[in-house]
Amino acid sequence: MHTAFFVLLSASVARYLARHAGGPHTPWVIALSVLLAVLYVLGPALGTRPTPRRLAWLGLVVVVWALLVVLAPSFAWCAVPLFYTGLRTLPPRTAIPLVALLTALAVAAQLSLAGWPDPNVLLAPPAVAAVATTVFVVMQRQAARRDVLIADLVRTRRELAATERREGTLAERERLAREIHDTLAQGLSSQRMLLQAADRLWDSAPGTARDHVRTAAAIAERSLAEARRFVHDLTPADLAEGGGLLRALHAVAERETTPDLTVRVHTEGSPPVPLPAPVESALLRIAQGALANVREHAAATSATLTLTCLDDQIVLDVTDDGRGFDPNASAGPASAAGQRGHGLPAIRARLRQLGGTLTIESAPGEGTALSAAIPLEPR
């Protein structure tokens with residue numbers, strides 16, 4: 001539009017000089033043309049908002065152009081770029097009357113050149129003005145709707161990012177809670193039980209009491225290793241030492257075995273190598289959590305970890321011969337399945353993250369069987 005304005009202005013000056021080079025109004029026409037060009041160049045520096053300076057500039061441009069049209073009617077076609085200048089500067093209710101005024105001046109100028117009421121002169125400028133105004137108003141409305149959509153999109157993206165951050169924070173807190181429960185909390189619980197037993201037997205059976213203290217110290221050392229590994233990368237210490245899931249399960253069973261509880265490990269099938277790290281970590285933590293429940297609540301003499309490897313899933317079964325419980329009871333005594341505390345919820349959460357399932361079979365006096373199944377990609 002800027003280019004069109006200067007093309008029309010130059011054409012009008014050239015036309016006037018070609019026909020009226022020696023006329024009395026020539027200096028005024030040239031001076032007003034230069035002034036109009038300078039004013040038009042200064043317009044973008046004032047912005048597009050209807051500030052007092054912008055409004056004063058627009059009024060001066062219209063006045064200079066009107067004087068040129070009076071002196072040389074051929075300058076009337078410069079009104080088309082001025083339509084857009086007025087529409088961009090003023091609100092529609094004010095800009096449309098300005099466009100009508102410019103159109104009337106252009107029609108009057110063209111009629112003075114024609115010398116008679118030419119229908120083309122009467123209809124062409126209003127038609128051009130109507131088309132120009134309609135195109136600008138429609139584009140302006142579309143731009144406004146686009147700006148609203150962009151603002152909504154930006155706001156939605158910010159809200160989505162904030163929601164994802166909150167969900168990520170909650171998920172991380174839940175994961176950390178499970179890790180702490182399955183490592184440090186269990187180790188502290190075992191140490192407390194052993195130290196309480198040592199305190200009771202310190203006078204009557206000092207040898208046994210010292211054994212309990214040594215076992216508690218070994219658990220504390222193991223818990224310290226877990227804590228350091230936990231701070232470093234949250235990988236279970238048994239898995240970090242290498243050897244895979246089976247070796248880690250044997251290490252857990254060996255630590256959990258006491259004079260009152262024997263823990264064994266069985267395998268059926270061979271696990272895929274390498275087993276996905278999240279699956280290994282989840283199964284090891286599930287075994288630790290289930291055995292902690294057996295130790296604290298089941299009063300069992302033996303427990304078995306059975307790892308079954310199928311083509312499409314891997315299953316960890318934890319069974320014990322303890323007192324058992326009713327899995328369907330909404331409330332009841334603490335049991336091997338972890339009715340008290342965070343044992344079962346932590347196990348379920350781990351399996352849910354990996355698309356696995358948890359099955360519990362138990363009855364009072366008949367022990368407990370816990371089965372955790374995690375799907376794998378078919379081999």
# chains A, B, ... in the order shown; residues from 1 in each chain; ligands from 1
$ residues_around --residues "Leu90 (chain A)" --least-positions-apart "5" --cutoff "9 Å" --atoms "only C-alpha atoms" --output "PyMOL selection string"
chain A and resi 48-50+55+85+95-96
$ closest_atom_pairs --of "region 119-177 of chain A" --to "region 350-362 of chain A" --cutoff "12 Å" --atoms "only C-alpha atoms" --output "JSON lines"
{"residue": "A:Ala171", "atom": "CA", "partner": "A:Gln353", "partner_atom": "CA", "distance": 10.3}
{"residue": "A:Glu174", "atom": "CA", "partner": "A:Arg350", "partner_atom": "CA", "distance": 9.9}
{"residue": "A:Arg175", "atom": "CA", "partner": "A:Arg350", "partner_atom": "CA", "distance": 8.4}
{"residue": "A:Leu176", "atom": "CA", "partner": "A:Arg350", "partner_atom": "CA", "distance": 11.5}
{"residue": "A:Ala177", "atom": "CA", "partner": "A:Arg350", "partner_atom": "CA", "distance": 11.4}
$ write_last_selection --atoms "N, CA, C and O atoms" --output "PDB file, in the first residue's frame"
ATOM      1  N   ALA A 171       3.523 -37.244  40.844  1.00  0.00           N
ATOM      2  CA  ALA A 171       4.004 -38.584  40.504  1.00  0.00           C
ATOM      3  C   ALA A 171       5.385 -38.839  41.096  1.00  0.00           C
ATOM      4  O   ALA A 171       5.670 -39.935  41.595  1.00  0.00           O
ATOM      5  N   GLU A 174       5.021 -39.476  44.769  1.00  0.00           N
ATOM      6  CA  GLU A 174       4.520 -40.823  45.014  1.00  0.00           C
ATOM      7  C   GLU A 174       5.614 -41.861  44.816  1.00  0.00           C
ATOM      8  O   GLU A 174       5.752 -42.801  45.595  1.00  0.00           O
ATOM      9  N   ARG A 175       6.408 -41.667  43.763  1.00  0.00           N
ATOM     10  CA  ARG A 175       7.496 -42.610  43.506  1.00  0.00           C
ATOM     11  C   ARG A 175       8.532 -42.575  44.629  1.00  0.00           C
ATOM     12  O   ARG A 175       9.002 -43.622  45.086  1.00  0.00           O
ATOM     13  N   LEU A 176       8.881 -41.366  45.069  1.00  0.00           N
ATOM     14  CA  LEU A 176       9.842 -41.255  46.155  1.00  0.00           C
ATOM     15  C   LEU A 176       9.296 -41.876  47.436  1.00  0.00           C
ATOM     16  O   LEU A 176      10.039 -42.507  48.198  1.00  0.00           O
ATOM     17  N   ALA A 177       7.985 -41.696  47.679  1.00  0.00           N
ATOM     18  CA  ALA A 177       7.386 -42.297  48.869  1.00  0.00           C
ATOM     19  C   ALA A 177       7.497 -43.814  48.814  1.00  0.00           C
ATOM     20  O   ALA A 177       7.794 -44.474  49.823  1.00  0.00           O
TER      21      ALA A 177
END
$ closest_residue --among "A:Ala290, A:Leu32, A:Val13, A:Val318" --to "Ile347 (chain A)" --atoms "only C-alpha atoms"
A:Ala290
$ residues_around --residues "Pro259 (chain A)" --least-positions-apart "4" --cutoff "12 Å" --atoms "only C-alpha atoms" --output "list in words"
Thr208, Asp211, His212, Thr215, Glu254, Arg255, Val263, Arg295, Ala300, Thr301 and Ser302 of chain A
$ write_last_selection --atoms "C-alpha atoms" --output "short mmCIF file (atom, residue, chain, number, x, y, z; two decimals), in the first residue's frame"
data_model
loop_
_atom_site.label_atom_id
_atom_site.label_comp_id
_atom_site.auth_asym_id
_atom_site.auth_seq_id
_atom_site.Cartn_x
_atom_site.Cartn_y
_atom_site.Cartn_z
CA THR A 208 21.34 -64.23 71.14
CA ASP A 211 23.40 -61.78 67.33
CA HIS A 212 20.34 -59.52 67.05
CA THR A 215 22.02 -58.39 62.42
CA GLU A 254 19.31 -64.32 52.29
CA ARG A 255 18.97 -61.09 54.26
CA VAL A 263 12.97 -67.44 52.67
CA ARG A 295 8.15 -60.41 58.67
CA ALA A 300 5.25 -67.11 59.26
CA THR A 301 8.04 -69.68 59.49
CA SER A 302 8.70 -69.88 55.74
#
$ select_by_dssp --residues "region 256-356 of chain A" --states "helix (DSSP H, G or I)" --output "JSON, numbers by chain"
{"A": [256, 277, 278, 279, 280, 281, 282, 283, 284, 285, 286, 287, 288, 289, 290, 291, 292, 293, 294, 295, 296, 297, 298, 343, 344, 345, 346, 347, 348, 349, 350, 351, 352, 353]}
$ atom_distance --atom1 "CA of Ala45 (chain A)" --atom2 "CA of Arg88 (chain A)"
14.0 Å
$ closest_atom_pairs --of "region 41-114 of chain A" --to "region 128-152 of chain A" --cutoff "12 Å" --atoms "only C-alpha atoms" --output "Markdown table"
| residue | atom | partner | partner_atom | distance |
| --- | --- | --- | --- | --- |
| A:Trp77 | CA | A:Val128 | CA | 10.3 |
| A:Cys78 | CA | A:Ala129 | CA | 11.9 |
| A:Ala79 | CA | A:Ala129 | CA | 8.9 |
| A:Val80 | CA | A:Ala129 | CA | 7.1 |
| A:Pro81 | CA | A:Ala132 | CA | 9.3 |
| A:Leu82 | CA | A:Ala129 | CA | 10.3 |
| A:Phe83 | CA | A:Ala129 | CA | 7.3 |
| A:Tyr84 | CA | A:Phe136 | CA | 7.3 |
| A:Thr85 | CA | A:Phe136 | CA | 10.6 |
| A:Gly86 | CA | A:Thr133 | CA | 10.1 |
| A:Leu87 | CA | A:Phe136 | CA | 7.5 |
| A:Arg88 | CA | A:Phe136 | CA | 8.6 |
| A:Leu90 | CA | A:Val137 | CA | 11.8 |
| A:Pro91 | CA | A:Val137 | CA | 10.2 |
| A:Pro92 | CA | A:Val137 | CA | 7.9 |
| A:Arg93 | CA | A:Val137 | CA | 11.3 |
| A:Ala95 | CA | A:Thr133 | CA | 9.2 |
| A:Ile96 | CA | A:Thr133 | CA | 7.6 |
| A:Pro97 | CA | A:Thr133 | CA | 11.0 |
| A:Leu98 | CA | A:Ala129 | CA | 10.8 |
| A:Val99 | CA | A:Ala129 | CA | 7.0 |
| A:Ala100 | CA | A:Ala129 | CA | 7.8 |
| A:Leu101 | CA | A:Ala129 | CA | 10.5 |
| A:Leu102 | CA | A:Ala129 | CA | 8.9 |
| A:Thr103 | CA | A:Ala129 | CA | 6.7 |
| A:Ala104 | CA | A:Ala129 | CA | 10.2 |
| A:Ala106 | CA | A:Ala129 | CA | 10.3 |
| A:Val107 | CA | A:Ala129 | CA | 11.1 |
$ atom_distance --atom1 "CA of Leu305 (chain A)" --atom2 "CA of Val265 (chain A)"
4.7 Å
$ closest_residue --among "A:Val63, A:Ala349, A:Leu184, A:Ala162" --to "Ala225 (chain A)" --atoms "only C-alpha atoms"
A:Leu184
$ residues_around --residues "Trp28 (chain A)" --least-positions-apart "3" --cutoff "10 Å" --atoms "only C-alpha atoms" --output "PyMOL selection string"
chain A and resi 24-25+31-34+67-68+71
$ residues_around --residues "Tyr40 (chain A)" --least-positions-apart "6" --cutoff "9 Å" --atoms "only C-alpha atoms" --output "PyMOL selection string"
chain A and resi 2+5+57+61
$ atom_distance --atom1 "CA of Thr319 (chain A)" --atom2 "CA of Arg214 (chain A)"
27.7 Å
$ residues_around --residues "Leu283 (chain A)" --least-positions-apart "3" --cutoff "9 Å" --atoms "only C-alpha atoms" --output "PyMOL selection string"
chain A and resi 245+249+278-280+286-288+315-316+350-351+372+374
$ closest_residue --among "A:Thr308, A:Ser281, A:Gln313, A:Ser112" --to "Arg178 (chain A)" --atoms "only C-alpha atoms"
A:Ser281
$ residues_around --residues "Arg15 (chain A)" --least-positions-apart "3" --cutoff "12 Å" --atoms "only C-alpha atoms" --output "JSON, numbers by chain"
{"A": [8, 9, 10, 11, 12, 18, 19, 20, 21, 26, 29, 30, 72, 73, 74, 75]}
$ closest_residue --among "A:Val213, A:Leu307, A:Leu284, A:Leu42" --to "Asp182 (chain A)" --atoms "only C-alpha atoms"
A:Leu284
